[in-house]
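Worksheet: one structure, shown below.
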Amino acid sequence: MSETPKSREKTLSCLVVARNEEAMLPDCLASLDFADQLVVVLDRTTDGSKVIAEKAGALVIEGAWESEGARRNTGIDACTGDWILEVDADERATAEVASEVRSHIRSAKNGLYLIPIRNVIDGREVRHGWGAYNGAASAPRLFSKGDKIWGPERVHPSLTTGPKHGSLKHGLIHLVDRDISDMIDRMNRYTDLMARDAVEKGTVPSLGAALRRIVSRGWKSYVARKGYKEGYYGVALAFFAASYSLLIHLKAREIQDRENRS
C-alpha cells in the first residue's frame with residue numbers, strides 16, 4: 001500500500017515597495033530573511049536602494065507609478081509564494097512575527113489577515129490614538145495569493161479582498177515618524193495627494209462635513225482610541241485626525257480654482 005504524500009509546505013513572499021529608502025532598506029530586508037522570496041518595487045528611485053535590494057537576494061522591479069495602488073499591485077503580481085506579506089521600508093519584522101507568520105500559513109484558510117502595527121516616534125512606541133489618516137494600529141498585510149487587490153488612489157488606496165479571517169498576535173515595528181515636525185510633513189504630503197484624488201473622482205468633502213469632522217475625528221482619536229494616554233503625541237494625533245478633511249477640502253478647492261483659471 002503506497003504512502004499518502006505529505007502536503008507541500010506553503011511558500012511565503014515578502015513584498016517591499018519603496019522610493020529612495022537606502023537608509024531604511026538594509027534593516028527592513030534583513031528582518032525578512034524568513035521569506036522564501038523577497039520582492040522589492042522601486043518607484044522613481046535614484047539612490048542606492050537597488051544595490052541594497054539585490055545584495056539581499058530580492059527580485060527588484062523598477063519603474064514609475066502615479067498611484068500607490070498601481071505600484072503595490074505590480075509587486076503583488078511578481079510574488080510567486082502561496083502567501084504574501086507586505087512590509088514597508090520603515091517597518092521591521094521581529095523574530096516573533098517571523099515565527100508566527102511561518103507557523104500560521106501552514107494551515108490557515110486562504111484570505112486576508114490583519115497584523116498589528118507597533119508605531120514608533122522618536123524611539124518611543126506610541127500605542128494609542130491611531131486611525132483615520134494618521135496611521136493604523138493594525139493593517140491587512142498577510143494574504144493568500146489572489147486575495148488582495150489595491151485600488152487606483154494615489155495614497156491610502158482602497159482594497160478589494162478575499163475572505164477576512166482576523167488578526168495575528170505579534171506586530172511589525174513601524175518607525176513611522178522622527179518627531180512632530182516629521183508628522184506634519186507627512187500630513188502635508190498625504191493631503192496634497194488626497195486632494196488631487198478627490199478632485200479627479202468628484203469626492204471633494206464639503207466644507208460643512210470637513211468642519212464636523214474636526215470634532216468627531218479629534219474626539220475619536222483622543223478619547224475613543226485613548227490618545228490621551230500618549231501625552232503630547234496623543235494631542236498631535238488628535239489634531240491631525242481632526243484637520244485632515246478640512247485640509248483636503250481647502251487644497252481641493254485650490255486645485256479646482258487653478259484649473260478654472262487655466
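We label chains A, B, ... in the order they appear in the C-alpha cells, count residues from 1 in each chain, and number ligands from 1 in the order shown.
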I'd like the contact shell of Trp130 (chain A) - 9 Å cut-off, only C-alpha atoms, skipping same-chain residues fewer than 5 positions apart - returned as a VMD selection string. chain A and resid 119 135 to 137 221 225 227 234 237 to 238 241
Nearby residues (only C-alpha atoms) at most 10 Å from Thr160 (chain A), same-chain spacing under 3 positions excluded, as a VMD selection string: chain A and resid 147 to 151
Output as a PyMOL selection string all residues of region 74-145 of chain A that backbone DSSP marks as alpha helix (DSSP H). chain A and resi 74-78+95-105
Need the shell around region 94-97 of chain A: protein/DNA/RNA residues with any atom at most 10 Å away, counting only C-alpha atoms. Skip same-chain ones fewer than 3 positions apart. Format as a ChimeraX atom specification? /A:31-32,34,91,100-103,115-116,168-173
Pick out the residues sitting within 6 Å of Asp122 (chain A), and hand them over as a list in words; count only C-alpha atoms, and ignore anything fewer than 2 positions along from it in its own chain.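 Surrounding residues, per the criterion: Arg124, Arg178 and Asp179 of chain A.
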Mind writing the picked residues with all heavy atoms as a short mmCIF file (atom, residue, chain, number, x, y, z; two decimals), in the first residue's frame?
data_model
loop_
_atom_site.label_atom_id
_atom_site.label_comp_id
_atom_site.auth_asym_id
_atom_site.auth_seq_id
_atom_site.Cartn_x
_atom_site.Cartn_y
_atom_site.Cartn_z
N ARG A 124 10.12 55.93 20.65
CA ARG A 124 9.08 55.59 21.64
C ARG A 124 7.89 54.95 20.95
O ARG A 124 7.37 55.51 19.98
CB ARG A 124 8.65 56.86 22.37
CG ARG A 124 7.39 56.69 23.22
CD ARG A 124 7.01 58.02 23.84
NE ARG A 124 5.60 58.05 24.21
CZ ARG A 124 4.96 59.14 24.64
NH1 ARG A 124 5.62 60.29 24.71
NH2 ARG A 124 3.68 59.08 24.96
N ARG A 178 9.98 60.69 12.84
CA ARG A 178 11.11 61.03 13.72
C ARG A 178 10.69 61.97 14.84
O ARG A 178 11.24 61.93 15.93
CB ARG A 178 12.23 61.67 12.90
CG ARG A 178 12.92 60.73 11.93
CD ARG A 178 13.76 61.47 10.93
NE ARG A 178 12.93 62.31 10.05
CZ ARG A 178 13.40 63.00 9.03
NH1 ARG A 178 14.68 62.99 8.76
NH2 ARG A 178 12.58 63.71 8.28
N ASP A 179 9.72 62.83 14.56
CA ASP A 179 9.29 63.83 15.54
C ASP A 179 8.00 64.47 15.04
O ASP A 179 7.45 64.07 14.01
CB ASP A 179 10.37 64.89 15.77
CG ASP A 179 10.90 65.49 14.49
OD1 ASP A 179 10.13 65.58 13.49
OD2 ASP A 179 12.08 65.90 14.45
#
I want to know what sits within 12 Å of Leu29 (chain A), based on only C-alpha atoms, with residues of the same chain fewer than 5 positions away left out; could you give that as a CSV table (one decimal) with N, CA, C and O atoms, in the first residue's frame?
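That gives us out_6.csv:
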chain,number,residue,atom,x,y,z
A,14,CYS,N,7.7,38.0,0.6
A,14,CYS,CA,7.6,39.3,1.3
A,14,CYS,C,7.8,40.4,0.3
A,14,CYS,O,8.8,40.4,-0.5
A,15,LEU,N,6.9,41.4,0.3
A,15,LEU,CA,6.9,42.5,-0.7
A,15,LEU,C,7.2,43.8,0.0
A,15,LEU,O,6.6,44.1,1.0
A,16,VAL,N,8.2,44.5,-0.5
A,16,VAL,CA,8.5,45.9,0.0
A,16,VAL,C,8.4,46.8,-1.2
A,16,VAL,O,9.1,46.6,-2.3
A,17,VAL,N,7.7,47.9,-1.1
A,17,VAL,CA,7.6,49.0,-2.1
A,17,VAL,C,8.2,50.2,-1.5
A,17,VAL,O,7.9,50.6,-0.4
A,18,ALA,N,9.2,50.8,-2.2
A,18,ALA,CA,10.0,51.9,-1.7
A,18,ALA,C,10.4,52.9,-2.7
A,18,ALA,O,10.3,52.6,-3.9
A,21,GLU,N,14.9,54.8,-0.3
A,21,GLU,CA,14.9,54.4,1.1
A,21,GLU,C,16.2,53.6,1.4
A,21,GLU,O,16.2,52.7,2.2
A,22,GLU,N,17.3,54.1,0.9
A,22,GLU,CA,18.5,53.3,1.2
A,22,GLU,C,18.9,53.3,2.6
A,22,GLU,O,19.6,52.4,3.1
A,23,ALA,N,18.5,54.3,3.4
A,23,ALA,CA,18.8,54.3,4.8
A,23,ALA,C,17.9,53.3,5.6
A,23,ALA,O,18.4,52.7,6.6
A,24,MET,N,16.7,53.0,5.1
A,24,MET,CA,15.8,52.1,5.8
A,24,MET,C,15.9,50.7,5.3
A,24,MET,O,15.6,49.7,6.1
A,34,PHE,N,13.2,35.3,6.7
A,34,PHE,CA,12.5,34.1,6.8
A,34,PHE,C,11.6,33.8,5.6
A,34,PHE,O,10.9,32.8,5.6
A,35,ALA,N,11.6,34.8,4.7
A,35,ALA,CA,10.7,34.6,3.5
A,35,ALA,C,11.4,33.7,2.5
A,35,ALA,O,12.6,33.5,2.4
A,37,GLN,N,10.8,34.2,-0.8
A,37,GLN,CA,11.1,35.2,-1.9
A,37,GLN,C,11.0,36.6,-1.3
A,37,GLN,O,10.1,36.9,-0.6
A,38,LEU,N,11.9,37.4,-1.8
A,38,LEU,CA,11.8,38.9,-1.5
A,38,LEU,C,11.6,39.6,-2.8
A,38,LEU,O,12.3,39.4,-3.8
A,39,VAL,N,10.6,40.4,-2.8
A,39,VAL,CA,10.3,41.3,-4.0
A,39,VAL,C,10.3,42.7,-3.5
A,39,VAL,O,9.7,43.1,-2.6
A,40,VAL,N,11.1,43.5,-4.2
A,40,VAL,CA,11.3,45.0,-3.9
A,40,VAL,C,10.9,45.8,-5.1
A,40,VAL,O,11.5,45.6,-6.2
A,49,SER,N,19.2,52.1,-3.4
A,49,SER,CA,18.3,51.1,-2.9
A,49,SER,C,18.4,49.8,-3.8
A,49,SER,O,18.2,48.7,-3.2
A,52,ILE,N,21.2,47.6,-2.7
A,52,ILE,CA,20.9,47.0,-1.4
A,52,ILE,C,20.0,45.9,-1.5
A,52,ILE,O,20.1,44.8,-0.9
A,53,ALA,N,18.9,46.1,-2.3
A,53,ALA,CA,17.9,45.0,-2.5
A,53,ALA,C,18.5,43.8,-3.2
A,53,ALA,O,18.2,42.6,-2.8
A,54,GLU,N,19.3,44.0,-4.2
A,54,GLU,CA,19.9,42.9,-4.9
A,54,GLU,C,20.9,42.2,-4.0
A,54,GLU,O,21.0,40.9,-4.1
A,55,LYS,N,21.6,42.8,-3.2
A,55,LYS,CA,22.5,42.2,-2.3
A,55,LYS,C,21.8,41.3,-1.3
A,55,LYS,O,22.3,40.3,-0.8
A,56,ALA,N,20.5,41.7,-1.0
A,56,ALA,CA,19.7,40.9,-0.1
A,56,ALA,C,19.0,39.7,-0.8
A,56,ALA,O,18.3,38.9,-0.1
A,57,GLY,N,19.3,39.6,-2.1
A,57,GLY,CA,18.7,38.5,-2.9
A,57,GLY,C,17.3,38.7,-3.4
A,57,GLY,O,16.6,37.8,-3.7
A,58,ALA,N,16.9,40.0,-3.4
A,58,ALA,CA,15.5,40.3,-3.8
A,58,ALA,C,15.4,40.4,-5.3
A,58,ALA,O,16.3,40.7,-6.0
A,59,LEU,N,14.1,40.0,-5.8
A,59,LEU,CA,13.7,40.4,-7.1
A,59,LEU,C,13.4,41.8,-7.1
A,59,LEU,O,12.5,42.3,-6.4
A,86,GLU,N,3.1,42.0,3.1
A,86,GLU,CA,3.5,43.3,2.6
A,86,GLU,C,4.2,44.0,3.8
A,86,GLU,O,3.6,44.1,4.9
A,87,VAL,N,5.3,44.6,3.6
A,87,VAL,CA,6.1,45.3,4.7
A,87,VAL,C,6.6,46.6,4.0
A,87,VAL,O,7.2,46.5,3.0
A,88,ASP,N,6.5,47.7,4.7
A,88,ASP,CA,7.1,49.0,4.2
A,88,ASP,C,8.5,49.1,4.6
A,88,ASP,O,9.0,48.4,5.6
A,89,ALA,N,9.3,49.9,3.9
A,89,ALA,CA,10.7,50.0,4.2
A,89,ALA,C,11.0,50.5,5.6
A,89,ALA,O,12.0,50.2,6.2
A,90,ASP,N,10.1,51.3,6.2
A,90,ASP,CA,10.3,51.8,7.5
A,90,ASP,C,9.7,50.9,8.6
A,90,ASP,O,9.5,51.2,9.8
A,91,GLU,N,9.5,49.6,8.2
A,91,GLU,CA,9.0,48.6,9.2
A,91,GLU,C,10.0,47.5,9.3
A,91,GLU,O,10.8,47.2,8.5
A,92,ARG,N,9.8,46.8,10.5
A,92,ARG,CA,10.7,45.7,10.8
A,92,ARG,C,9.9,44.5,11.3
A,92,ARG,O,9.1,44.7,12.2
A,93,ALA,N,10.2,43.3,10.8
A,93,ALA,CA,9.6,42.1,11.3
A,93,ALA,C,10.4,41.6,12.5
A,93,ALA,O,11.6,41.4,12.3
A,94,THR,N,9.8,41.4,13.6
A,94,THR,CA,10.6,40.8,14.8
A,94,THR,C,10.7,39.3,14.6
A,94,THR,O,10.0,38.7,13.7
